[in-house]
$ cat start.pdb   # PDB, C-alpha atoms
ATOM      1  CA  MET A 119      17.477  23.111  10.111
ATOM      2  CA  THR A 120      18.341  20.164  12.293
ATOM      3  CA  ALA A 121      17.953  16.882  10.447
ATOM      4  CA  VAL A 122      15.639  14.294  11.874
ATOM      5  CA  ARG A 123      17.464  11.145  12.815
ATOM      6  CA  HIS A 124      16.593   8.284  10.501
ATOM      7  CA  LEU A 125      16.940   5.080  12.494
ATOM      8  CA  ASN A 126      16.857   1.449  11.412
ATOM      9  CA  LYS A 127      14.839  -0.571  13.909
ATOM     10  CA  PRO A 128      12.717  -2.844  11.703
ATOM     11  CA  LEU A 129      10.913  -4.732  14.486
ATOM     12  CA  THR A 130       9.824  -1.525  16.214
ATOM     13  CA  GLY A 131       8.832  -0.083  12.851
ATOM     14  CA  ILE A 132       6.761  -3.176  12.034
ATOM     15  CA  ALA A 133       4.952  -2.971  15.394
ATOM     16  CA  LEU A 134       4.136   0.721  14.932
ATOM     17  CA  ALA A 135       2.996   0.233  11.329
ATOM     18  CA  SER A 136       0.773  -2.706  12.343
ATOM     19  CA  ALA A 137      -0.948  -0.534  14.942
ATOM     20  CA  GLY A 138      -1.260   2.242  12.370
ATOM     21  CA  TYR A 139      -2.917  -0.041   9.823
ATOM     22  CA  SER A 140      -5.397  -1.196  12.457
ATOM     23  CA  CYS A 141      -6.388   2.456  12.860
ATOM     24  CA  PHE A 142      -6.736   2.816   9.099
ATOM     25  CA  ALA A 143      -9.047  -0.201   9.000
ATOM     26  CA  LEU A 144     -11.234   1.476  11.621
ATOM     27  CA  GLN A 145     -11.043   4.650   9.539
ATOM     28  CA  ASP A 146     -12.371   2.733   6.515
ATOM     29  CA  ALA A 147     -15.234   1.367   8.617
ATOM     30  CA  ILE A 148     -16.209   4.883   9.735
ATOM     31  CA  VAL A 149     -16.015   6.186   6.162
ATOM     32  CA  LYS A 150     -18.193   3.286   5.013
ATOM     33  CA  TRP A 151     -20.736   4.416   7.586
ATOM     34  CA  LEU A 152     -20.560   8.065   6.535
ATOM     35  CA  VAL A 153     -20.411   7.699   2.755
ATOM     36  CA  THR A 154     -24.077   6.726   2.552
ATOM     37  CA  ASP A 155     -25.057  10.265   3.623
ATOM     38  CA  TYR A 156     -22.086  12.502   2.768
ATOM     39  CA  GLU A 157     -19.750  12.990  -0.185
ATOM     40  CA  VAL A 158     -16.179  11.697   0.022
ATOM     41  CA  PRO A 159     -14.442  15.141  -0.206
ATOM     42  CA  GLN A 160     -16.469  16.469   2.746
ATOM     43  CA  ILE A 161     -15.622  13.432   4.860
ATOM     44  CA  LEU A 162     -11.931  13.681   3.988
ATOM     45  CA  PHE A 163     -11.928  17.429   4.723
ATOM     46  CA  MET A 164     -13.217  16.862   8.265
ATOM     47  CA  ARG A 165     -10.602  14.155   8.740
ATOM     48  CA  SER A 166      -7.854  16.522   7.598
ATOM     49  CA  ALA A 167      -9.151  19.412   9.726
ATOM     50  CA  VAL A 168      -8.774  17.391  12.935
ATOM     51  CA  ILE A 169      -5.248  16.305  11.986
ATOM     52  CA  VAL A 170      -4.235  19.901  11.159
ATOM     53  CA  LEU A 171      -5.666  21.176  14.460
ATOM     54  CA  VAL A 172      -3.918  18.545  16.614
ATOM     55  CA  THR A 173      -0.558  18.641  14.845
ATOM     56  CA  GLY A 174      -0.621  22.438  14.550
ATOM     57  CA  VAL A 175      -0.926  22.815  18.318
ATOM     58  CA  LEU A 176       1.832  20.253  18.949
ATOM     59  CA  LEU A 177       4.136  21.881  16.396
ATOM     60  CA  ARG A 178       3.735  25.210  18.153
ATOM     61  CA  ILE A 179       4.389  23.673  21.571
ATOM     62  CA  TYR A 180       7.528  21.818  20.442
ATOM     63  CA  ARG A 181       8.622  24.588  18.029
ATOM     64  CA  HIS A 182       9.320  22.398  15.030
ATOM     65  CA  PRO A 183      10.862  24.117  11.974
ATOM     66  CA  SER A 184       8.523  25.318   9.235
ATOM     67  CA  ILE A 185       7.939  22.966   6.317
ATOM     68  CA  LEU A 186       8.654  25.935   4.018
ATOM     69  CA  LYS A 187      12.330  25.650   4.977
ATOM     70  CA  SER A 188      12.459  21.954   4.169
ATOM     71  CA  PRO A 189      14.526  20.650   1.239
ATOM     72  CA  HIS A 190      11.693  18.155   0.687
ATOM     73  CA  ARG A 191       8.774  20.603   0.620
ATOM     74  CA  GLY A 192       8.104  19.703  -3.026
ATOM     75  CA  THR A 193       8.025  16.038  -2.068
ATOM     76  CA  VAL A 194       5.495  16.772   0.685
ATOM     77  CA  VAL A 195       3.224  18.516  -1.841
ATOM     78  CA  LEU A 196       3.527  15.570  -4.236
ATOM     79  CA  ARG A 197       2.718  13.088  -1.462
ATOM     80  CA  ALA A 198      -0.342  15.085  -0.450
ATOM     81  CA  ALA A 199      -1.578  14.966  -4.048
ATOM     82  CA  LEU A 200      -0.928  11.228  -4.262
ATOM     83  CA  MET A 201      -2.751  10.521  -0.999
ATOM     84  CA  LEU A 202      -5.712  12.664  -2.058
ATOM     85  CA  GLY A 203      -5.873  10.823  -5.363
ATOM     86  CA  ALA A 204      -5.646   7.438  -3.642
ATOM     87  CA  TRP A 205      -8.478   8.131  -1.200
ATOM     88  CA  LEU A 206     -10.802   9.700  -3.784
ATOM     89  CA  LEU A 207     -10.276   6.868  -6.257
ATOM     90  CA  PHE A 208     -10.594   4.137  -3.629
ATOM     91  CA  TYR A 209     -13.777   5.356  -1.966
ATOM     92  CA  ASN A 210     -15.462   6.222  -5.263
ATOM     93  CA  ALA A 211     -14.554   2.819  -6.728
ATOM     94  CA  ALA A 212     -16.239   1.265  -3.689
ATOM     95  CA  LYS A 213     -19.575   2.472  -5.054
ATOM     96  CA  TYR A 214     -19.258   0.147  -8.053
ATOM     97  CA  LEU A 215     -17.181  -2.826  -6.861
ATOM     98  CA  GLY A 216     -17.963  -5.535  -4.362
ATOM     99  CA  LEU A 217     -15.823  -5.723  -1.243
ATOM    100  CA  ALA A 218     -14.019  -8.824  -2.542
ATOM    101  CA  GLU A 219     -13.037  -7.188  -5.830
ATOM    102  CA  LEU A 220     -12.148  -3.890  -4.172
ATOM    103  CA  THR A 221      -9.925  -5.504  -1.545
ATOM    104  CA  THR A 222      -8.118  -7.777  -3.991
ATOM    105  CA  LEU A 223      -7.335  -4.966  -6.427
ATOM    106  CA  TYR A 224      -6.287  -2.435  -3.809
ATOM    107  CA  PHE A 225      -3.923  -4.801  -2.052
ATOM    108  CA  SER A 226      -1.649  -4.673  -5.061
ATOM    109  CA  ALA A 227      -0.194  -1.656  -3.188
ATOM    110  CA  PRO A 228       2.280  -3.586  -0.961
ATOM    111  CA  ILE A 229       3.700  -5.385  -4.017
ATOM    112  CA  ILE A 230       4.130  -2.030  -5.777
ATOM    113  CA  THR A 231       5.789  -0.620  -2.647
ATOM    114  CA  VAL A 232       8.405  -3.381  -2.693
ATOM    115  CA  PHE A 233       9.270  -2.685  -6.334
ATOM    116  CA  LEU A 234       9.373   1.085  -5.761
ATOM    117  CA  SER A 235      11.605   0.619  -2.703
ATOM    118  CA  ILE A 236      14.112  -1.091  -4.999
ATOM    119  CA  LEU A 237      13.876   1.446  -7.825
ATOM    120  CA  VAL A 238      13.588   4.665  -5.795
ATOM    121  CA  LEU A 239      15.141   3.980  -2.389
ATOM    122  CA  LYS A 240      17.701   1.428  -3.611
ATOM    123  CA  GLU A 241      16.720  -0.898  -0.768
ATOM    124  CA  THR A 242      17.890  -4.490  -0.737
ATOM    125  CA  VAL A 243      14.824  -6.716  -0.531
ATOM    126  CA  GLY A 244      15.666 -10.025   1.072
ATOM    127  CA  THR A 245      13.989 -13.407   0.780
ATOM    128  CA  GLY A 246      11.891 -12.924   3.914
ATOM    129  CA  ARG A 247      10.257  -9.745   2.628
ATOM    130  CA  TRP A 248       9.444 -11.299  -0.754
ATOM    131  CA  ILE A 249       7.944 -14.387   0.913
ATOM    132  CA  ALA A 250       5.859 -12.267   3.303
ATOM    133  CA  CYS A 251       4.686  -9.988   0.515
ATOM    134  CA  ALA A 252       3.719 -12.831  -1.832
ATOM    135  CA  GLY A 253       2.131 -14.883   0.953
ATOM    136  CA  GLY A 254       0.109 -11.922   2.159
ATOM    137  CA  PHE A 255      -1.191 -11.225  -1.334
ATOM    138  CA  VAL A 256      -2.231 -14.850  -1.820
ATOM    139  CA  GLY A 257      -3.997 -14.674   1.543
ATOM    140  CA  VAL A 258      -5.897 -11.590   0.438
ATOM    141  CA  ILE A 259      -7.031 -13.310  -2.762
ATOM    142  CA  ILE A 260      -8.236 -16.355  -0.796
ATOM    143  CA  ALA A 261     -10.025 -14.170   1.751
ATOM    144  CA  ALA A 262     -11.588 -11.854  -0.825
ATOM    145  CA  ASN A 263     -12.575 -14.714  -3.180
ATOM    146  CA  PRO A 264     -13.555 -12.621  -6.216
ATOM    147  CA  THR A 265     -16.210 -14.530  -8.183
ATOM    148  CA  HIS A 266     -16.394 -12.565 -11.427
ATOM    149  CA  SER A 267     -14.463 -10.073 -13.496
ATOM    150  CA  PRO A 268     -14.839  -6.536 -12.129
ATOM    151  CA  ASN A 269     -16.020  -3.530 -14.120
ATOM    152  CA  LEU A 270     -13.092  -2.151 -16.052
ATOM    153  CA  ILE A 271     -13.156   1.541 -15.076
ATOM    154  CA  PRO A 272     -13.727   1.079 -11.299
ATOM    155  CA  ALA A 273     -11.119  -1.697 -11.303
ATOM    156  CA  ALA A 274      -8.619   0.631 -12.960
ATOM    157  CA  MET A 275      -9.489   3.323 -10.390
ATOM    158  CA  CYS A 276      -8.720   0.918  -7.551
ATOM    159  CA  ILE A 277      -5.403  -0.227  -9.016
ATOM    160  CA  VAL A 278      -4.334   3.383  -9.613
ATOM    161  CA  ALA A 279      -5.322   4.128  -5.994
ATOM    162  CA  GLY A 280      -3.028   1.319  -4.862
ATOM    163  CA  PHE A 281      -0.187   2.743  -6.942
ATOM    164  CA  CYS A 282      -0.719   6.256  -5.520
ATOM    165  CA  TRP A 283      -0.733   4.907  -1.970
ATOM    166  CA  ALA A 284       2.403   2.817  -2.583
ATOM    167  CA  TRP A 285       4.237   5.815  -4.037
ATOM    168  CA  SER A 286       3.154   8.003  -1.104
ATOM    169  CA  THR A 287       4.591   5.493   1.394
ATOM    170  CA  ILE A 288       7.921   5.621  -0.443
ATOM    171  CA  LEU A 289       7.883   9.411  -0.154
ATOM    172  CA  ILE A 290       7.240   9.129   3.600
ATOM    173  CA  ARG A 291      10.539   7.259   3.916
ATOM    174  CA  ILE A 292      12.322   9.998   1.930
ATOM    175  CA  THR A 293      10.894  12.986   3.812
ATOM    176  CA  SER A 294      11.422  11.275   7.175
ATOM    177  CA  ARG A 295      15.148  11.827   6.662
ATOM    178  CA  SER A 296      14.766  15.535   7.399
ATOM    179  CA  GLU A 297      11.219  16.168   8.665
ATOM    180  CA  SER A 298       9.506  15.243  11.902
ATOM    181  CA  THR A 299       6.348  13.146  11.824
ATOM    182  CA  LEU A 300       4.253  16.062  13.112
ATOM    183  CA  THR A 301       5.532  18.404  10.394
ATOM    184  CA  GLN A 302       4.731  15.889   7.660
ATOM    185  CA  MET A 303       1.258  15.226   9.025
ATOM    186  CA  TYR A 304       0.462  18.930   9.319
ATOM    187  CA  ALA A 305       1.658  19.889   5.833
ATOM    188  CA  THR A 306       0.070  16.936   4.055
ATOM    189  CA  SER A 307      -3.297  17.274   5.780
ATOM    190  CA  LEU A 308      -3.390  21.058   5.270
ATOM    191  CA  LEU A 309      -2.929  20.655   1.514
ATOM    192  CA  PHE A 310      -5.327  17.717   1.550
ATOM    193  CA  GLY A 311      -8.018  19.763   3.309
ATOM    194  CA  ILE A 312      -7.652  22.794   1.033
ATOM    195  CA  ALA A 313      -8.124  20.615  -2.049
ATOM    196  CA  CYS A 314     -11.239  18.963  -0.593
ATOM    197  CA  ALA A 315     -12.718  22.302   0.514
ATOM    198  CA  ALA A 316     -12.688  23.517  -3.107
ATOM    199  CA  SER A 317     -15.626  21.170  -3.795
ATOM    200  CA  PHE A 318     -17.851  22.500  -0.980
ATOM    201  CA  PRO A 319     -20.076  24.756  -3.146
ATOM    202  CA  TRP A 320     -21.328  21.613  -4.903
ATOM    203  CA  ILE A 321     -21.266  18.852  -2.287
ATOM    204  CA  TRP A 322     -21.502  20.302   1.253
ATOM    205  CA  LYS A 323     -24.214  18.892   3.504
ATOM    206  CA  THR A 324     -24.461  20.089   7.104
ATOM    207  CA  PRO A 325     -23.964  17.012   9.328
ATOM    208  CA  ASP A 326     -26.393  16.033  12.067
ATOM    209  CA  LEU A 327     -25.184  15.223  15.591
ATOM    210  CA  GLN A 328     -24.247  11.659  14.673
ATOM    211  CA  GLY A 329     -22.487  12.870  11.537
ATOM    212  CA  TRP A 330     -20.391  15.378  13.511
ATOM    213  CA  ALA A 331     -19.484  12.711  16.071
ATOM    214  CA  LEU A 332     -18.424  10.213  13.397
ATOM    215  CA  MET A 333     -16.413  12.790  11.440
ATOM    216  CA  LEU A 334     -14.582  14.029  14.527
ATOM    217  CA  GLY A 335     -13.969  10.423  15.588
ATOM    218  CA  LEU A 336     -12.653   9.724  12.089
ATOM    219  CA  GLY A 337     -10.197  12.591  12.439
ATOM    220  CA  ALA A 338      -8.979  11.340  15.821
ATOM    221  CA  VAL A 339      -8.456   7.779  14.550
ATOM    222  CA  ALA A 340      -6.713   9.052  11.411
ATOM    223  CA  THR A 341      -4.409  11.264  13.493
ATOM    224  CA  ILE A 342      -3.286   8.340  15.650
ATOM    225  CA  GLY A 343      -2.975   6.017  12.648
ATOM    226  CA  GLN A 344      -0.893   8.469  10.626
ATOM    227  CA  PHE A 345       1.462   9.173  13.522
ATOM    228  CA  LEU A 346       2.070   5.463  14.128
ATOM    229  CA  LEU A 347       2.576   4.734  10.428
ATOM    230  CA  TYR A 348       4.943   7.662   9.828
ATOM    231  CA  GLU A 349       7.024   6.655  12.832
ATOM    232  CA  GLY A 350       7.067   3.099  11.522
ATOM    233  CA  PHE A 351       8.451   4.268   8.183
ATOM    234  CA  ARG A 352      11.074   6.303  10.006
ATOM    235  CA  LEU A 353      12.346   3.195  11.801
ATOM    236  CA  ALA A 354      12.041   0.471   9.147
ATOM    237  CA  PRO A 355      12.634   0.132   5.389
ATOM    238  CA  ALA A 356       9.584   0.528   3.149
ATOM    239  CA  SER A 357      10.025  -2.989   1.762
ATOM    240  CA  ALA A 358       9.904  -4.434   5.294
ATOM    241  CA  LEU A 359       6.643  -2.634   6.072
ATOM    242  CA  ALA A 360       4.867  -3.358   2.781
ATOM    243  CA  PRO A 361       3.665  -6.880   3.778
ATOM    244  CA  VAL A 362       2.448  -5.515   7.136
ATOM    245  CA  GLU A 363      -0.270  -3.602   5.276
ATOM    246  CA  TYR A 364      -2.035  -6.924   4.668
ATOM    247  CA  THR A 365      -2.855  -7.095   8.381
ATOM    248  CA  GLY A 366      -5.334  -4.284   7.718
ATOM    249  CA  LEU A 367      -7.592  -6.859   6.059
ATOM    250  CA  ILE A 368      -7.816  -8.852   9.293
ATOM    251  CA  TRP A 369      -8.723  -5.713  11.223
ATOM    252  CA  ALA A 370     -11.363  -4.930   8.611
ATOM    253  CA  PHE A 371     -13.018  -8.291   9.315
ATOM    254  CA  ILE A 372     -12.897  -7.654  13.062
ATOM    255  CA  TYR A 373     -14.456  -4.209  12.733
ATOM    256  CA  GLY A 374     -17.026  -5.537  10.273
ATOM    257  CA  TYR A 375     -18.198  -8.092  12.811
ATOM    258  CA  ALA A 376     -18.101  -5.668  15.752
ATOM    259  CA  ILE A 377     -20.059  -2.919  13.960
ATOM    260  CA  TRP A 378     -22.298  -4.723  11.430
ATOM    261  CA  ALA A 379     -22.240  -8.293  12.801
ATOM    262  CA  GLU A 380     -20.697  -9.513   9.537
ATOM    263  CA  VAL A 381     -19.531 -13.125   9.910
ATOM    264  CA  PRO A 382     -16.681 -13.972   7.509
ATOM    265  CA  ALA A 383     -16.901 -17.155   5.428
ATOM    266  CA  SER A 384     -14.438 -20.028   5.900
ATOM    267  CA  ASN A 385     -12.226 -18.806   3.045
ATOM    268  CA  VAL A 386     -11.780 -15.541   4.933
ATOM    269  CA  PHE A 387     -10.371 -17.362   7.944
ATOM    270  CA  VAL A 388      -8.006 -19.365   5.726
ATOM    271  CA  GLY A 389      -6.804 -16.190   4.016
ATOM    272  CA  ALA A 390      -6.437 -14.377   7.315
ATOM    273  CA  LEU A 391      -4.373 -17.275   8.713
ATOM    274  CA  LEU A 392      -2.047 -17.097   5.707
ATOM    275  CA  ILE A 393      -1.667 -13.342   6.209
ATOM    276  CA  VAL A 394      -0.782 -13.832   9.883
ATOM    277  CA  VAL A 395       1.749 -16.552   9.038
ATOM    278  CA  SER A 396       3.305 -14.323   6.363
ATOM    279  CA  SER A 397       3.624 -11.479   8.848
ATOM    280  CA  LEU A 398       5.231 -13.794  11.425
ATOM    281  CA  ILE A 399       7.698 -14.976   8.764
ATOM    282  CA  LEU A 400       8.563 -11.336   8.125
ATOM    283  CA  VAL A 401       9.133 -10.675  11.839
ATOM    284  CA  ALA A 402      11.307 -13.791  12.120
ATOM    285  CA  PHE A 403      13.472 -12.802   9.149
ATOM    286  CA  GLU A 404      13.816  -9.210  10.382
ATOM    287  CA  HIS A 405      14.704 -10.386  13.902
ATOM    288  CA  HIS A 406      17.332 -12.745  12.490
ATOM    289  CA  GLY A 407      18.727  -9.986  10.278
ATOM    290  CA  SER A 408      18.838  -7.553  13.194
ATOM    291  CA  LYS A 409      20.782 -10.037  15.338
ATOM    292  CA  ARG A 410      23.188 -10.683  12.467
ATOM    293  CA  LEU A 411      23.860  -6.955  12.066
ATOM    294  CA  LYS A 412      24.513  -6.597  15.801
ATOM    295  CA  ARG A 413      26.980  -9.494  15.749
ATOM    296  CA  SER A 414      28.713  -7.976  12.727
ATOM    297  CA  ALA A 415      28.943  -4.578  14.420
ATOM    298  CA  ALA A 416      30.312  -6.171  17.597
ATOM    299  CA  ALA A 417      32.916  -8.089  15.591
ATOM    300  CA  GLN A 418      34.072  -4.889  13.865
ATOM    301  CA  GLU A 419      34.407  -3.106  17.214
ATOM    302  CA  THR A 420      36.524  -5.989  18.498
ATOM    303  CA  ILE A 421      38.796  -5.726  15.488
TER     304      ILE A 421
END
$ encode --input "start.pdb" --output "structure tokens"
Amino acid sequence: MTAVRHLNKPLTGIALASAGYSCFALQDAIVKWLVTDYEVPQILFMRSAVIVLVTGVLLRIYRHPSILKSPHRGTVVLRAALMLGAWLLFYNAAKYLGLAELTTLYFSAPIITVFLSILVLKETVGTGRWIACAGGFVGVIIAANPTHSPNLIPAAMCIVAGFCWAWSTILIRITSRSESTLTQMYATSLLFGIACAASFPWIWKTPDLQGWALMLGLGAVATIGQFLLYEGFRLAPASALAPVEYTGLIWAFIYGYAIWAEVPASNVFVGALLIVVSSLILVAFEHHGSKRLKRSAAAQETI
């Protein structure tokens, strides 16, 4: 099997991941709309079905190798399980926690990703990434403004969801060394969908026209978001992309206003500004590091 080239273009990776997280924020908005009438496993199954259909066709057209021949097929199965656990825990915790509590707890994921990138991927995490990660988390706390202690069990569910998501992003970086983005998306979503379908005898509800439209739209948005995010992790280190996840909060506010006319409070704007500044600091550090590497490479060629 031909290995997939694993590049190191952090700025391009950051741009792709940012676009991907904007899609995921829209995905969350659609799920929030659907979850009042349908169970989470059914919604996630429809999302996975669209991804499997699109990627399956593209895999056949471009004749990508089968995931069964991959040295990381076990890792793909593990990542599918982690992602399924993250989504089920997160959306079920949302039934019991306020948005402020839910957002604050879940956005522990980028911090966890940075630590896992050190332990698992042996990445070197520079000052810029730590500053961006810490600044983004502080911005989330300011924006979310939790006013009271959350319920213990739902809070634990949300933190575990953040851990599962962080671990799954680390595994994306590992499997991207040998697998194409389309292959990863197909395999993960196929396993994801099969697991969700097992619950149908107890939870299935035939959607109406609006339900079908929203579920198919959810699948399309998720397909685009996953492709952008996977490509981002192929091009940039996991620790560089972890702080970028905080930008999803800003998109959530935008979608909330556009769909439900929700007007954020002043603390939200302050938090969002801090998140933007943290992300710009990250871009500046990565750009400086990229230029330094190019100068070093040029100097070595001269020698």
$ closest_residue --input "start.pdb" --among "A:Ser396, A:Thr341, A:Thr293, A:Thr245" --to "Val168 of chain A" --atoms "all atoms listed in the file"
A:Thr341
$ closest_residue --input "start.pdb" --among "A:Leu202, A:Ile377, A:Leu353, A:Leu391" --to "Thr130 of chain A" --atoms "all atoms listed in the file"
A:Leu353
$ resolve_selection --input "start.pdb" --expression "the PyMOL selection byres ((chain A and resi 348) around 8)" --output "JSON, numbers by chain"
{"A": [135, 290, 294, 299, 344, 345, 346, 347, 349, 350, 351, 352]}
$ resolve_selection --input "start.pdb" --expression "the PyMOL selection byres ((chain A and resi 211) around 8)" --output "mmCIF file with C-alpha atoms, keeping the file's coordinate frame"
data_model
loop_
_atom_site.group_PDB
_atom_site.id
_atom_site.type_symbol
_atom_site.label_atom_id
_atom_site.label_comp_id
_atom_site.auth_asym_id
_atom_site.auth_seq_id
_atom_site.Cartn_x
_atom_site.Cartn_y
_atom_site.Cartn_z
ATOM 1 C CA LEU A 207 -10.276 6.868 -6.257
ATOM 2 C CA PHE A 208 -10.594 4.137 -3.629
ATOM 3 C CA TYR A 209 -13.777 5.356 -1.966
ATOM 4 C CA ASN A 210 -15.462 6.222 -5.263
ATOM 5 C CA ALA A 212 -16.239 1.265 -3.689
ATOM 6 C CA LYS A 213 -19.575 2.472 -5.054
ATOM 7 C CA TYR A 214 -19.258 0.147 -8.053
ATOM 8 C CA LEU A 215 -17.181 -2.826 -6.861
ATOM 9 C CA LEU A 220 -12.148 -3.890 -4.172
ATOM 10 C CA PRO A 272 -13.727 1.079 -11.299
ATOM 11 C CA ALA A 273 -11.119 -1.697 -11.303
ATOM 12 C CA MET A 275 -9.489 3.323 -10.390
ATOM 13 C CA CYS A 276 -8.720 0.918 -7.551
#
$ residues_around --input "start.pdb" --residues "segment 300-317 of chain A" --least-positions-apart "2" --cutoff "6 Å" --atoms "all atoms listed in the file" --output "list of chain:residue names"
A:Pro159, A:Phe163, A:Ser166, A:Val170, A:Thr173, A:Ala198, A:Ser298, A:Pro319, A:Trp320
$ closest_residue --input "start.pdb" --among "A:Pro228, A:Gly366, A:Gly253, A:Gly203" --to "Leu162 of chain A" --atoms "all atoms listed in the file"
A:Gly203
$ atom_distance --input "start.pdb" --atom1 "atom CA of Glu241 of chain A" --atom2 "atom CA of Phe281 of chain A"
18.4 Å
$ decode --input "start.pdb" --residues "segment 279-323 of chain A" --atoms "C-alpha atoms" --output "PDB file, in the first residue's frame"
ATOM      1  CA  ALA A 279     -16.698  13.484  26.055  1.00  0.00           C
ATOM      2  CA  GLY A 280     -13.947  16.094  25.807  1.00  0.00           C
ATOM      3  CA  PHE A 281     -11.324  13.467  26.609  1.00  0.00           C
ATOM      4  CA  CYS A 282     -12.725  11.061  23.983  1.00  0.00           C
ATOM      5  CA  TRP A 283     -12.737  13.804  21.356  1.00  0.00           C
ATOM      6  CA  ALA A 284      -9.181  14.881  22.235  1.00  0.00           C
ATOM      7  CA  TRP A 285      -7.932  11.296  22.001  1.00  0.00           C
ATOM      8  CA  SER A 286      -9.705  10.811  18.657  1.00  0.00           C
ATOM      9  CA  THR A 287      -7.965  13.889  17.206  1.00  0.00           C
ATOM     10  CA  ILE A 288      -4.604  12.438  18.240  1.00  0.00           C
ATOM     11  CA  LEU A 289      -5.492   9.213  16.433  1.00  0.00           C
ATOM     12  CA  ILE A 290      -6.365  11.202  13.292  1.00  0.00           C
ATOM     13  CA  ARG A 291      -2.775  12.462  13.221  1.00  0.00           C
ATOM     14  CA  ILE A 292      -1.476   8.883  13.578  1.00  0.00           C
ATOM     15  CA  THR A 293      -3.672   7.287  10.906  1.00  0.00           C
ATOM     16  CA  SER A 294      -3.063  10.182   8.504  1.00  0.00           C
ATOM     17  CA  ARG A 295       0.483   8.867   8.111  1.00  0.00           C
ATOM     18  CA  SER A 296      -0.758   5.966   5.993  1.00  0.00           C
ATOM     19  CA  GLU A 297      -4.450   6.530   5.195  1.00  0.00           C
ATOM     20  CA  SER A 298      -6.181   9.036   2.961  1.00  0.00           C
ATOM     21  CA  THR A 299      -8.789  11.370   4.422  1.00  0.00           C
ATOM     22  CA  LEU A 300     -11.569   9.687   2.424  1.00  0.00           C
ATOM     23  CA  THR A 301     -10.611   6.223   3.685  1.00  0.00           C
ATOM     24  CA  GLN A 302     -10.615   7.389   7.302  1.00  0.00           C
ATOM     25  CA  MET A 303     -13.960   9.132   6.934  1.00  0.00           C
ATOM     26  CA  TYR A 304     -15.567   6.110   5.285  1.00  0.00           C
ATOM     27  CA  ALA A 305     -14.326   3.548   7.816  1.00  0.00           C
ATOM     28  CA  THR A 306     -15.079   5.646  10.888  1.00  0.00           C
ATOM     29  CA  SER A 307     -18.569   6.643   9.769  1.00  0.00           C
ATOM     30  CA  LEU A 308     -19.443   3.085   8.690  1.00  0.00           C
ATOM     31  CA  LEU A 309     -18.597   1.731  12.145  1.00  0.00           C
ATOM     32  CA  PHE A 310     -20.290   4.737  13.721  1.00  0.00           C
ATOM     33  CA  GLY A 311     -23.499   4.127  11.757  1.00  0.00           C
ATOM     34  CA  ILE A 312     -23.617   0.392  12.493  1.00  0.00           C
ATOM     35  CA  ALA A 313     -23.345   1.055  16.228  1.00  0.00           C
ATOM     36  CA  CYS A 314     -26.134   3.656  16.125  1.00  0.00           C
ATOM     37  CA  ALA A 315     -28.392   1.420  14.011  1.00  0.00           C
ATOM     38  CA  ALA A 316     -28.329  -1.237  16.754  1.00  0.00           C
ATOM     39  CA  SER A 317     -30.618   1.017  18.827  1.00  0.00           C
ATOM     40  CA  PHE A 318     -33.304   1.425  16.133  1.00  0.00           C
ATOM     41  CA  PRO A 319     -35.781  -1.156  17.523  1.00  0.00           C
ATOM     42  CA  TRP A 320     -36.167   1.064  20.597  1.00  0.00           C
ATOM     43  CA  ILE A 321     -35.721   4.639  19.374  1.00  0.00           C
ATOM     44  CA  TRP A 322     -36.559   4.935  15.646  1.00  0.00           C
ATOM     45  CA  LYS A 323     -39.074   7.602  14.662  1.00  0.00           C
TER      46      LYS A 323
END
